There are 2 protein chains.
Amino acid sequence: MVHKLENLSKNQQIVLNIIEKAKGPVKAYSILNDVQKKGINAPLQVYRALDKLIKIGKIHKVESRNAFIACKNTNCEVSNATAFSICQACEKVTEIVNSKLSKYLKSFQDSTGMKYKKYNLEFFGLCQKCKSK
Amino acid sequence: MVHKLENLSKNQQIVLNIIEKAKGPVKAYSILNDVQKKGINAPLQVYRALDKLIKIGKIHKVESRNAFIACKNTNCEVSNATAFSICQACEKVTEIVNSKLSKYLKSFQDSTGMKYKKYNLEFFGLCQKCKSK
DNA sequence: TAACGTTTGTTATAATATAACATTTTATAA
DNA sequence: TTATAAAATGTTATATTATAACAAACGTTA
Ligand SMILES: [Zn+2]
Ligand SMILES: [Zn+2]
Ligand SMILES: [Zn+2]
Ligand SMILES: [Zn+2]
């Protein structure tokens, strides 16, 4: 197996590092803020790195939150089948890795016969912690 | 059955009307642009109407597009179980109404035992038209 | 009427994201 | 190695999406 990390550029590694170390989803401008000491000065530099990292499946965008999260799924080399659980109270986000779910959705056919290349699913509710408050 | 339309305020009706007449998803600032002759001048007036319309299930937000679409599902009184098919070429968006899918997702349980109140699913691919080009 | 919740109007500003252009670095291959 | 193409960078400016804060008006119900 080829380790893609070695192929990442400087900016891409810096941005990935921040997202991987974070405890939850990270916002683009929070990343920008964190890296201004490391030579990245402009939003575009962050967004370009984010785009690439998404493309190669290292991170995902949590669409409903405009935030980014590291991929925890070793099989998920491209972000074409993603599912997340999102706590509406504490905003904790967890990537759902569930082969039954992904098989079900990958093979889903709608009435129009449209064939899907990609899906993104977001579940909302209360996590264990917040439920018991 | 109670017709909620009668309960809508002036701004809410104006905004809903535009979204229902549109052929595809509509952006907030495009709505704002369209209604400036009708006495709505500020983004907030549009966003407030959008929020309410989402809350009562008249429209949905297509998260990956930051756009809004009228609900076609007569059963869907609240936006707590939504699925869309999105063409990556022409940006056509269709709400998927499929009881098997919604039953499957409503009863989905992840490993943490978190119980979900709401989900949103977006499928991406090419529609019939764009596939055959 | 009084009280309450909802909606409105308005100004300002925050947060998220891309356009356009010049340059540099890296990979590929003649 | 040198040429060439592809990818990444740096920079300035701008576009797009969304909310804060406050005062006033409206609609419902007690
Ligand atoms: Zn993943
Ligand atoms: Zn929580
Ligand atoms: Zn609907
Ligand atoms: Zn299409």
# chains A, B, ... in the order shown; residues from 1 in each chain; ligands from 1
call {"tool": "residues_near_ligand", "arguments": {"ligand": "ligand 4", "cutoff": "8 Å", "atoms": "only C-alpha atoms (C1' of nucleotides) and all ligand atoms", "output": "MDAnalysis selection string"}}
result
chainID B and resid 87:92 126:131
call {"tool": "interface_residues", "arguments": {"of": "chain B", "to": "chain D", "cutoff": "9 Å", "atoms": "only C-alpha atoms (C1' of nucleotides)", "output": "PDB file with N, CA and C atoms, in the first residue's frame"}}
result
ATOM      1  N   ALA B  28     -30.709  32.135  -1.442  1.00  0.00           N
ATOM      2  CA  ALA B  28     -31.305  33.183  -0.612  1.00  0.00           C
ATOM      3  C   ALA B  28     -31.184  34.566  -1.253  1.00  0.00           C
ATOM      4  N   TYR B  29     -30.025  34.857  -1.801  1.00  0.00           N
ATOM      5  CA  TYR B  29     -29.849  36.198  -2.344  1.00  0.00           C
ATOM      6  C   TYR B  29     -30.521  36.369  -3.704  1.00  0.00           C
ATOM      7  N   PRO B  43     -31.537  41.030   3.665  1.00  0.00           N
ATOM      8  CA  PRO B  43     -31.289  39.588   3.754  1.00  0.00           C
ATOM      9  C   PRO B  43     -32.031  38.950   4.922  1.00  0.00           C
ATOM     10  N   LEU B  44     -32.014  39.617   6.056  1.00  0.00           N
ATOM     11  CA  LEU B  44     -32.627  39.013   7.244  1.00  0.00           C
ATOM     12  C   LEU B  44     -34.097  38.708   7.043  1.00  0.00           C
ATOM     13  N   TYR B  47     -34.080  35.475   5.190  1.00  0.00           N
ATOM     14  CA  TYR B  47     -33.619  34.351   6.013  1.00  0.00           C
ATOM     15  C   TYR B  47     -34.628  33.997   7.101  1.00  0.00           C
ATOM     16  N   ASN B  66     -26.286  25.180  -0.484  1.00  0.00           N
ATOM     17  CA  ASN B  66     -26.788  26.403   0.136  1.00  0.00           C
ATOM     18  C   ASN B  66     -27.955  26.969  -0.647  1.00  0.00           C
TER      19      ASN B  66
END
call {"tool": "residues_around", "arguments": {"residues": "Val46 of chain A", "least_positions_apart": "5", "cutoff": "12 Å", "atoms": "only C-alpha atoms (C1' of nucleotides)", "output": "count of residues only"}}
result
30
call {"tool": "closest_atom_pairs", "arguments": {"of": "chain C", "to": "chain B", "cutoff": "10 Å", "atoms": "only C-alpha atoms (C1' of nucleotides)", "output": "Markdown table"}}
result
| residue | atom | partner | partner_atom | distance |
| --- | --- | --- | --- | --- |
| C:DT6 | C1' | B:Ser9 | CA | 9.7 |
| C:DT7 | C1' | B:Ser9 | CA | 7.5 |
| C:DT8 | C1' | B:Gln45 | CA | 7.9 |
| C:DG9 | C1' | B:Gln45 | CA | 8.4 |
| C:DT10 | C1' | B:Ala42 | CA | 8.1 |
| C:DT11 | C1' | B:Ala42 | CA | 9.8 |
call {"tool": "select_by_dssp", "arguments": {"residues": "segment 23-125 of chain B", "states": "alpha helix (DSSP H)", "output": "PDB file with N, CA and C atoms, in the first residue's frame"}}
result
ATOM      1  N   ALA B  28     -30.709  32.135  -1.442  1.00  0.00           N
ATOM      2  CA  ALA B  28     -31.305  33.183  -0.612  1.00  0.00           C
ATOM      3  C   ALA B  28     -31.184  34.566  -1.253  1.00  0.00           C
ATOM      4  N   TYR B  29     -30.025  34.857  -1.801  1.00  0.00           N
ATOM      5  CA  TYR B  29     -29.849  36.198  -2.344  1.00  0.00           C
ATOM      6  C   TYR B  29     -30.521  36.369  -3.704  1.00  0.00           C
ATOM      7  N   SER B  30     -30.782  35.275  -4.361  1.00  0.00           N
ATOM      8  CA  SER B  30     -31.585  35.337  -5.578  1.00  0.00           C
ATOM      9  C   SER B  30     -33.037  35.651  -5.218  1.00  0.00           C
ATOM     10  N   ILE B  31     -33.500  35.074  -4.124  1.00  0.00           N
ATOM     11  CA  ILE B  31     -34.834  35.407  -3.627  1.00  0.00           C
ATOM     12  C   ILE B  31     -34.885  36.882  -3.261  1.00  0.00           C
ATOM     13  N   LEU B  32     -33.888  37.323  -2.520  1.00  0.00           N
ATOM     14  CA  LEU B  32     -33.843  38.725  -2.105  1.00  0.00           C
ATOM     15  C   LEU B  32     -33.928  39.648  -3.303  1.00  0.00           C
ATOM     16  N   ASN B  33     -33.177  39.299  -4.319  1.00  0.00           N
ATOM     17  CA  ASN B  33     -33.177  40.080  -5.548  1.00  0.00           C
ATOM     18  C   ASN B  33     -34.567  40.154  -6.179  1.00  0.00           C
ATOM     19  N   ASP B  34     -35.262  39.031  -6.148  1.00  0.00           N
ATOM     20  CA  ASP B  34     -36.586  38.952  -6.777  1.00  0.00           C
ATOM     21  C   ASP B  34     -37.666  39.713  -6.016  1.00  0.00           C
ATOM     22  N   VAL B  35     -37.459  39.927  -4.729  1.00  0.00           N
ATOM     23  CA  VAL B  35     -38.556  40.483  -3.935  1.00  0.00           C
ATOM     24  C   VAL B  35     -38.360  41.945  -3.564  1.00  0.00           C
ATOM     25  N   PRO B  43     -31.537  41.030   3.665  1.00  0.00           N
ATOM     26  CA  PRO B  43     -31.289  39.588   3.754  1.00  0.00           C
ATOM     27  C   PRO B  43     -32.031  38.950   4.922  1.00  0.00           C
ATOM     28  N   LEU B  44     -32.014  39.617   6.056  1.00  0.00           N
ATOM     29  CA  LEU B  44     -32.627  39.013   7.244  1.00  0.00           C
ATOM     30  C   LEU B  44     -34.097  38.708   7.043  1.00  0.00           C
ATOM     31  N   GLN B  45     -34.776  39.558   6.314  1.00  0.00           N
ATOM     32  CA  GLN B  45     -36.202  39.316   6.079  1.00  0.00           C
ATOM     33  C   GLN B  45     -36.403  38.030   5.296  1.00  0.00           C
ATOM     34  N   VAL B  46     -35.490  37.781   4.358  1.00  0.00           N
ATOM     35  CA  VAL B  46     -35.560  36.533   3.588  1.00  0.00           C
ATOM     36  C   VAL B  46     -35.179  35.352   4.467  1.00  0.00           C
ATOM     37  N   TYR B  47     -34.080  35.475   5.190  1.00  0.00           N
ATOM     38  CA  TYR B  47     -33.619  34.351   6.013  1.00  0.00           C
ATOM     39  C   TYR B  47     -34.628  33.997   7.101  1.00  0.00           C
ATOM     40  N   ARG B  48     -35.291  35.006   7.632  1.00  0.00           N
ATOM     41  CA  ARG B  48     -36.295  34.693   8.650  1.00  0.00           C
ATOM     42  C   ARG B  48     -37.466  33.916   8.066  1.00  0.00           C
ATOM     43  N   ALA B  49     -37.880  34.325   6.890  1.00  0.00           N
ATOM     44  CA  ALA B  49     -38.965  33.587   6.233  1.00  0.00           C
ATOM     45  C   ALA B  49     -38.501  32.166   5.900  1.00  0.00           C
ATOM     46  N   LEU B  50     -37.288  32.046   5.405  1.00  0.00           N
ATOM     47  CA  LEU B  50     -36.762  30.717   5.086  1.00  0.00           C
ATOM     48  C   LEU B  50     -36.742  29.823   6.328  1.00  0.00           C
ATOM     49  N   ASP B  51     -36.270  30.359   7.421  1.00  0.00           N
ATOM     50  CA  ASP B  51     -36.195  29.580   8.663  1.00  0.00           C
ATOM     51  C   ASP B  51     -37.570  29.034   9.053  1.00  0.00           C
ATOM     52  N   LYS B  52     -38.553  29.907   8.980  1.00  0.00           N
ATOM     53  CA  LYS B  52     -39.895  29.491   9.355  1.00  0.00           C
ATOM     54  C   LYS B  52     -40.424  28.425   8.399  1.00  0.00           C
ATOM     55  N   LEU B  53     -40.239  28.644   7.117  1.00  0.00           N
ATOM     56  CA  LEU B  53     -40.735  27.701   6.106  1.00  0.00           C
ATOM     57  C   LEU B  53     -40.072  26.331   6.251  1.00  0.00           C
ATOM     58  N   ILE B  54     -38.804  26.343   6.621  1.00  0.00           N
ATOM     59  CA  ILE B  54     -38.104  25.075   6.883  1.00  0.00           C
ATOM     60  C   ILE B  54     -38.717  24.404   8.116  1.00  0.00           C
ATOM     61  N   LYS B  55     -38.922  25.208   9.126  1.00  0.00           N
ATOM     62  CA  LYS B  55     -39.444  24.694  10.394  1.00  0.00           C
ATOM     63  C   LYS B  55     -40.783  23.984  10.218  1.00  0.00           C
ATOM     64  N   SER B  99     -40.627   5.319   0.790  1.00  0.00           N
ATOM     65  CA  SER B  99     -40.943   4.907   2.158  1.00  0.00           C
ATOM     66  C   SER B  99     -39.992   3.836   2.689  1.00  0.00           C
ATOM     67  N   LYS B 100     -39.494   2.971   1.787  1.00  0.00           N
ATOM     68  CA  LYS B 100     -38.524   1.970   2.240  1.00  0.00           C
ATOM     69  C   LYS B 100     -37.271   2.650   2.777  1.00  0.00           C
ATOM     70  N   LEU B 101     -36.796   3.602   1.991  1.00  0.00           N
ATOM     71  CA  LEU B 101     -35.593   4.337   2.392  1.00  0.00           C
ATOM     72  C   LEU B 101     -35.823   5.068   3.716  1.00  0.00           C
ATOM     73  N   SER B 102     -36.930   5.747   3.825  1.00  0.00           N
ATOM     74  CA  SER B 102     -37.149   6.527   5.047  1.00  0.00           C
ATOM     75  C   SER B 102     -37.367   5.620   6.259  1.00  0.00           C
ATOM     76  N   LYS B 103     -38.032   4.509   6.053  1.00  0.00           N
ATOM     77  CA  LYS B 103     -38.172   3.568   7.163  1.00  0.00           C
ATOM     78  C   LYS B 103     -36.815   3.047   7.602  1.00  0.00           C
ATOM     79  N   TYR B 104     -36.015   2.688   6.602  1.00  0.00           N
ATOM     80  CA  TYR B 104     -34.674   2.173   6.896  1.00  0.00           C
ATOM     81  C   TYR B 104     -33.872   3.195   7.699  1.00  0.00           C
ATOM     82  N   LEU B 105     -33.899   4.426   7.260  1.00  0.00           N
ATOM     83  CA  LEU B 105     -33.074   5.439   7.920  1.00  0.00           C
ATOM     84  C   LEU B 105     -33.650   5.883   9.260  1.00  0.00           C
ATOM     85  N   LYS B 106     -34.963   5.940   9.350  1.00  0.00           N
ATOM     86  CA  LYS B 106     -35.569   6.342  10.620  1.00  0.00           C
ATOM     87  C   LYS B 106     -35.265   5.336  11.724  1.00  0.00           C
TER      88      LYS B 106
END
call {"tool": "residues_near_ligand", "arguments": {"ligand": "ligand 3", "cutoff": "9 Å", "atoms": "only C-alpha atoms (C1' of nucleotides) and all ligand atoms", "output": "JSON, numbers by chain"}}
result
{"B": [57, 58, 59, 60, 69, 70, 71, 72, 73, 74, 75, 76, 77, 78, 79, 80, 81, 82, 83, 95, 96, 97]}
call {"tool": "write_last_selection", "arguments": {"atoms": "N, CA and C atoms", "output": "short mmCIF file (atom, residue, chain, number, x, y, z; two decimals), in the first residue's frame"}}
result
data_model
loop_
_atom_site.label_atom_id
_atom_site.label_comp_id
_atom_site.auth_asym_id
_atom_site.auth_seq_id
_atom_site.Cartn_x
_atom_site.Cartn_y
_atom_site.Cartn_z
N GLY B 57 -41.82 22.72 7.43
CA GLY B 57 -41.74 21.67 6.41
C GLY B 57 -42.19 22.05 5.02
N LYS B 58 -42.40 23.33 4.76
CA LYS B 58 -42.80 23.76 3.42
C LYS B 58 -41.65 23.74 2.44
N ILE B 59 -40.47 23.98 2.95
CA ILE B 59 -39.27 23.94 2.09
C ILE B 59 -38.17 23.18 2.82
N HIS B 60 -37.14 22.84 2.04
CA HIS B 60 -35.95 22.23 2.63
C HIS B 60 -34.72 22.99 2.17
N ILE B 69 -35.48 24.50 -1.59
CA ILE B 69 -36.36 23.84 -2.53
C ILE B 69 -37.70 23.57 -1.85
N ALA B 70 -38.76 23.66 -2.62
CA ALA B 70 -40.09 23.40 -2.04
C ALA B 70 -40.26 21.91 -1.78
N CYS B 71 -40.95 21.60 -0.71
CA CYS B 71 -41.20 20.19 -0.38
C CYS B 71 -42.29 19.64 -1.30
N LYS B 72 -42.01 18.49 -1.86
CA LYS B 72 -42.97 17.86 -2.77
C LYS B 72 -43.70 16.71 -2.10
N ASN B 73 -43.33 16.49 -0.87
CA ASN B 73 -43.85 15.34 -0.16
C ASN B 73 -45.00 15.77 0.74
N THR B 74 -46.21 15.37 0.39
CA THR B 74 -47.38 15.83 1.14
C THR B 74 -47.39 15.34 2.58
N ASN B 75 -46.66 14.25 2.82
CA ASN B 75 -46.62 13.71 4.19
C ASN B 75 -45.58 14.40 5.07
N CYS B 76 -44.73 15.13 4.43
CA CYS B 76 -43.54 15.65 5.11
C CYS B 76 -43.84 17.00 5.74
N GLU B 77 -44.48 16.97 6.91
CA GLU B 77 -44.88 18.23 7.52
C GLU B 77 -43.75 18.93 8.26
N VAL B 78 -42.76 18.19 8.59
CA VAL B 78 -41.56 18.77 9.16
C VAL B 78 -40.36 18.19 8.43
N SER B 79 -39.32 18.98 8.36
CA SER B 79 -38.14 18.54 7.61
C SER B 79 -37.23 17.70 8.48
N ASN B 80 -37.71 16.56 8.91
CA ASN B 80 -36.86 15.74 9.76
C ASN B 80 -36.41 14.44 9.12
N ALA B 81 -36.77 14.27 7.88
CA ALA B 81 -36.35 13.06 7.17
C ALA B 81 -36.34 13.37 5.69
N THR B 82 -35.19 13.87 5.23
CA THR B 82 -35.13 14.36 3.86
C THR B 82 -34.06 13.65 3.04
N ALA B 83 -34.36 13.46 1.77
CA ALA B 83 -33.40 12.85 0.86
C ALA B 83 -33.52 13.53 -0.50
N GLU B 95 -36.41 15.89 -4.76
CA GLU B 95 -36.61 15.27 -3.45
C GLU B 95 -37.01 13.82 -3.65
N ILE B 96 -36.35 12.96 -2.93
CA ILE B 96 -36.65 11.53 -3.03
C ILE B 96 -37.72 11.18 -2.00
N VAL B 97 -38.80 10.62 -2.48
CA VAL B 97 -39.88 10.18 -1.59
C VAL B 97 -39.97 8.67 -1.73
#
call {"tool": "residues_around", "arguments": {"residues": "Gly125 of chain B", "least_positions_apart": "5", "cutoff": "8 Å", "atoms": "only C-alpha atoms (C1' of nucleotides)", "output": "number ranges by chain"}}
result
A: 114-118; B: 85-88
call {"tool": "closest_residue", "arguments": {"among": "A:Gln109, A:Tyr119, A:Gly24, A:Ser64", "to": "ligand 2", "atoms": "only C-alpha atoms and all ligand atoms"}}
result
A:Gly24
call {"tool": "atom_distance", "arguments": {"atom1": "atom CA of Glu63 of chain A", "atom2": "atom CA of Ala67 of chain B"}}
result
12.2 Å
call {"tool": "select_by_dssp", "arguments": {"residues": "chain B", "states": "strand (DSSP E)", "output": "JSON, numbers by chain"}}
result
{"B": [59, 60, 61, 62, 67, 68, 69, 70, 81, 82, 83, 84, 85, 86, 87, 93, 94, 95, 115, 116, 117, 118, 119, 120, 121, 122, 123, 124, 125, 126]}
call {"tool": "atom_distance", "arguments": {"atom1": "atom CA of Ala22 of chain A", "atom2": "atom CA of Thr112 of chain B"}}
result
20.6 Å
call {"tool": "atom_distance", "arguments": {"atom1": "atom CA of Asn98 of chain B", "atom2": "atom CA of Gly113 of chain A"}}
result
13.4 Å
call {"tool": "closest_residue", "arguments": {"among": "A:Val93, A:Ile56, A:Val62, A:Leu121", "to": "chain B", "atoms": "only C-alpha atoms"}}
result
A:Leu121
call {"tool": "closest_residue", "arguments": {"among": "B:Lys37, B:Arg65, B:Lys21, B:Lys133", "to": "chain A", "atoms": "only C-alpha atoms"}}
result
B:Arg65
call {"tool": "closest_residue", "arguments": {"among": "A:Ser111, A:Thr94, A:Asn7, A:Asn120", "to": "chain B", "atoms": "only C-alpha atoms"}}
result
A:Asn120
call {"tool": "decode", "arguments": {"residues": "segment 9-30 of chain D", "atoms": "N, CA, C and O atoms (P, O5', C5', C4', C3', O3' and C1' of nucleotides)", "output": "tab-separated table (two decimals), in the first residue's frame"}}
result
chain	number	residue	atom	x	y	z
D	9	DT	P	0.85	23.80	-1.58
D	9	DT	O5'	1.34	25.22	-2.07
D	9	DT	C5'	2.72	25.46	-2.29
D	9	DT	C4'	2.91	26.90	-2.69
D	9	DT	C3'	2.35	27.91	-1.70
D	9	DT	O3'	3.44	28.54	-1.06
D	9	DT	C1'	1.89	28.51	-3.96
D	10	DG	P	3.21	29.46	0.18
D	10	DG	O5'	3.01	30.91	-0.45
D	10	DG	C5'	3.89	31.35	-1.46
D	10	DG	C4'	3.47	32.74	-1.93
D	10	DG	C3'	2.77	33.59	-0.87
D	10	DG	O3'	3.40	34.86	-0.88
D	10	DG	C1'	1.43	33.48	-2.83
D	11	DT	P	3.07	35.98	0.18
D	11	DT	O5'	1.90	36.79	-0.58
D	11	DT	C5'	2.16	37.23	-1.91
D	11	DT	C4'	0.97	38.01	-2.46
D	11	DT	C3'	0.11	38.68	-1.39
D	11	DT	O3'	0.16	40.08	-1.58
D	11	DT	C1'	-1.22	37.59	-3.02
D	12	DT	P	-0.54	41.09	-0.53
D	12	DT	O5'	-1.78	41.58	-1.44
D	12	DT	C5'	-1.56	41.95	-2.81
D	12	DT	C4'	-2.90	42.22	-3.47
D	12	DT	C3'	-3.90	42.96	-2.57
D	12	DT	O3'	-4.45	44.05	-3.29
D	12	DT	C1'	-4.88	41.01	-3.45
D	13	DA	P	-5.54	45.01	-2.59
D	13	DA	O5'	-6.89	44.53	-3.31
D	13	DA	C5'	-6.85	44.14	-4.68
D	13	DA	C4'	-8.12	43.40	-5.02
D	13	DA	C3'	-9.38	44.07	-4.46
D	13	DA	O3'	-10.24	44.36	-5.55
D	13	DA	C1'	-9.38	41.73	-4.01
D	14	DT	P	-11.68	45.07	-5.27
D	14	DT	O5'	-12.66	43.81	-5.18
D	14	DT	C5'	-12.55	42.79	-6.18
D	14	DT	C4'	-13.49	41.66	-5.86
D	14	DT	C3'	-14.88	42.12	-5.41
D	14	DT	O3'	-15.80	41.44	-6.21
D	14	DT	C1'	-14.07	40.45	-4.00
D	15	DA	P	-17.32	41.84	-6.26
D	15	DA	O5'	-17.98	40.39	-6.17
D	15	DA	C5'	-17.29	39.29	-6.73
D	15	DA	C4'	-17.85	38.02	-6.13
D	15	DA	C3'	-19.35	38.09	-5.89
D	15	DA	O3'	-19.87	36.86	-6.35
D	15	DA	C1'	-18.22	37.52	-3.89
D	16	DT	P	-21.44	36.61	-6.34
D	16	DT	O5'	-21.66	35.75	-5.03
D	16	DT	C5'	-20.90	34.58	-4.82
D	16	DT	C4'	-21.22	34.03	-3.46
D	16	DT	C3'	-22.71	34.00	-3.12
D	16	DT	O3'	-23.00	32.64	-2.84
D	16	DT	C1'	-21.45	34.89	-1.33
D	17	DT	P	-24.48	32.18	-2.48
D	17	DT	O5'	-24.41	32.20	-0.89
D	17	DT	C5'	-23.56	31.28	-0.22
D	17	DT	C4'	-23.66	31.52	1.25
D	17	DT	C3'	-25.09	31.51	1.81
D	17	DT	O3'	-25.15	30.51	2.80
D	17	DT	C1'	-23.88	33.35	2.64
D	18	DA	P	-26.49	30.27	3.64
D	18	DA	O5'	-26.31	31.27	4.87
D	18	DA	C5'	-25.19	31.09	5.73
D	18	DA	C4'	-25.24	32.13	6.83
D	18	DA	C3'	-26.59	32.22	7.55
D	18	DA	O3'	-26.38	31.73	8.86
D	18	DA	C1'	-25.62	34.37	7.14
D	19	DT	P	-27.52	31.77	9.95
D	19	DT	O5'	-27.13	33.05	10.83
D	19	DT	C5'	-25.80	33.13	11.32
D	19	DT	C4'	-25.60	34.43	12.07
D	19	DT	C3'	-26.61	34.71	13.17
D	19	DT	O3'	-25.85	34.98	14.34
D	19	DT	C1'	-26.36	36.60	11.79
D	20	DA	P	-26.59	35.28	15.72
D	20	DA	O5'	-26.20	36.80	16.06
D	20	DA	C5'	-24.93	37.30	15.68
D	20	DA	C4'	-24.76	38.69	16.23
D	20	DA	C3'	-25.61	39.00	17.47
D	20	DA	O3'	-24.90	39.92	18.28
D	20	DA	C1'	-26.30	40.39	15.69
D	21	DA	P	-25.44	40.23	19.78
D	21	DA	O5'	-26.03	41.71	19.69
D	21	DA	C5'	-25.58	42.62	18.68
D	21	DA	C4'	-26.50	43.82	18.67
D	21	DA	C3'	-27.46	43.90	19.86
D	21	DA	O3'	-27.58	45.26	20.22
D	21	DA	C1'	-28.70	43.89	17.87
D	22	DC	P	-28.30	45.68	21.64
D	22	DC	O5'	-29.56	46.48	21.10
D	22	DC	C5'	-29.35	47.55	20.17
D	22	DC	C4'	-30.65	47.92	19.53
D	22	DC	C3'	-31.82	48.01	20.52
D	22	DC	O3'	-32.37	49.30	20.46
D	22	DC	C1'	-32.42	46.88	18.55
D	23	DA	P	-33.49	49.82	21.54
D	23	DA	O5'	-34.63	50.29	20.53
D	23	DA	C5'	-34.27	50.90	19.29
D	23	DA	C4'	-35.50	50.93	18.42
D	23	DA	C3'	-36.80	51.19	19.20
D	23	DA	O3'	-37.60	52.11	18.47
D	23	DA	C1'	-36.97	49.15	18.02
D	24	DA	P	-39.02	52.61	19.09
D	24	DA	O5'	-40.02	51.87	18.10
D	24	DA	C5'	-39.78	51.93	16.68
D	24	DA	C4'	-40.74	51.00	15.99
D	24	DA	C3'	-42.20	51.14	16.44
D	24	DA	O3'	-42.98	51.41	15.29
D	24	DA	C1'	-41.53	48.86	16.41
D	25	DA	P	-44.56	51.70	15.43
D	25	DA	O5'	-45.17	50.33	14.90
D	25	DA	C5'	-44.87	49.90	13.57
D	25	DA	C4'	-45.46	48.53	13.37
D	25	DA	C3'	-46.97	48.45	13.62
D	25	DA	O3'	-47.54	47.87	12.46
D	25	DA	C1'	-45.84	46.74	14.79
D	26	DC	P	-49.15	47.74	12.35
D	26	DC	O5'	-49.31	46.18	12.64
D	26	DC	C5'	-48.50	45.24	11.95
D	26	DC	C4'	-48.78	43.86	12.50
D	26	DC	C3'	-50.27	43.57	12.69
D	26	DC	O3'	-50.56	42.43	11.91
D	26	DC	C1'	-49.03	42.96	14.63
D	27	DG	P	-52.12	41.89	11.83
D	27	DG	O5'	-52.05	40.77	12.96
D	27	DG	C5'	-51.11	39.70	12.84
D	27	DG	C4'	-51.44	38.64	13.86
D	27	DG	C3'	-52.93	38.36	14.02
D	27	DG	O3'	-53.09	36.95	14.04
D	27	DG	C1'	-51.99	39.02	16.11
D	28	DT	P	-54.59	36.33	14.22
D	28	DT	O5'	-54.54	35.84	15.73
D	28	DT	C5'	-53.48	34.93	16.13
D	28	DT	C4'	-53.48	34.82	17.64
D	28	DT	C3'	-54.82	34.40	18.23
D	28	DT	O3'	-54.67	33.12	18.80
D	28	DT	C1'	-53.79	36.19	19.46
D	29	DT	P	-55.96	32.27	19.26
D	29	DT	O5'	-55.99	32.57	20.83
D	29	DT	C5'	-54.79	32.39	21.60
D	29	DT	C4'	-54.94	33.14	22.91
D	29	DT	C3'	-56.25	32.85	23.65
D	29	DT	O3'	-55.92	32.35	24.93
D	29	DT	C1'	-55.74	35.16	23.64
D	30	DA	P	-57.08	32.01	25.99
D	30	DA	O5'	-56.81	33.07	27.13
D	30	DA	C5'	-55.47	33.21	27.67
D	30	DA	C4'	-55.53	34.18	28.83
D	30	DA	C3'	-56.67	33.92	29.80
D	30	DA	O3'	-56.29	34.32	31.12
D	30	DA	C1'	-57.05	35.99	28.72
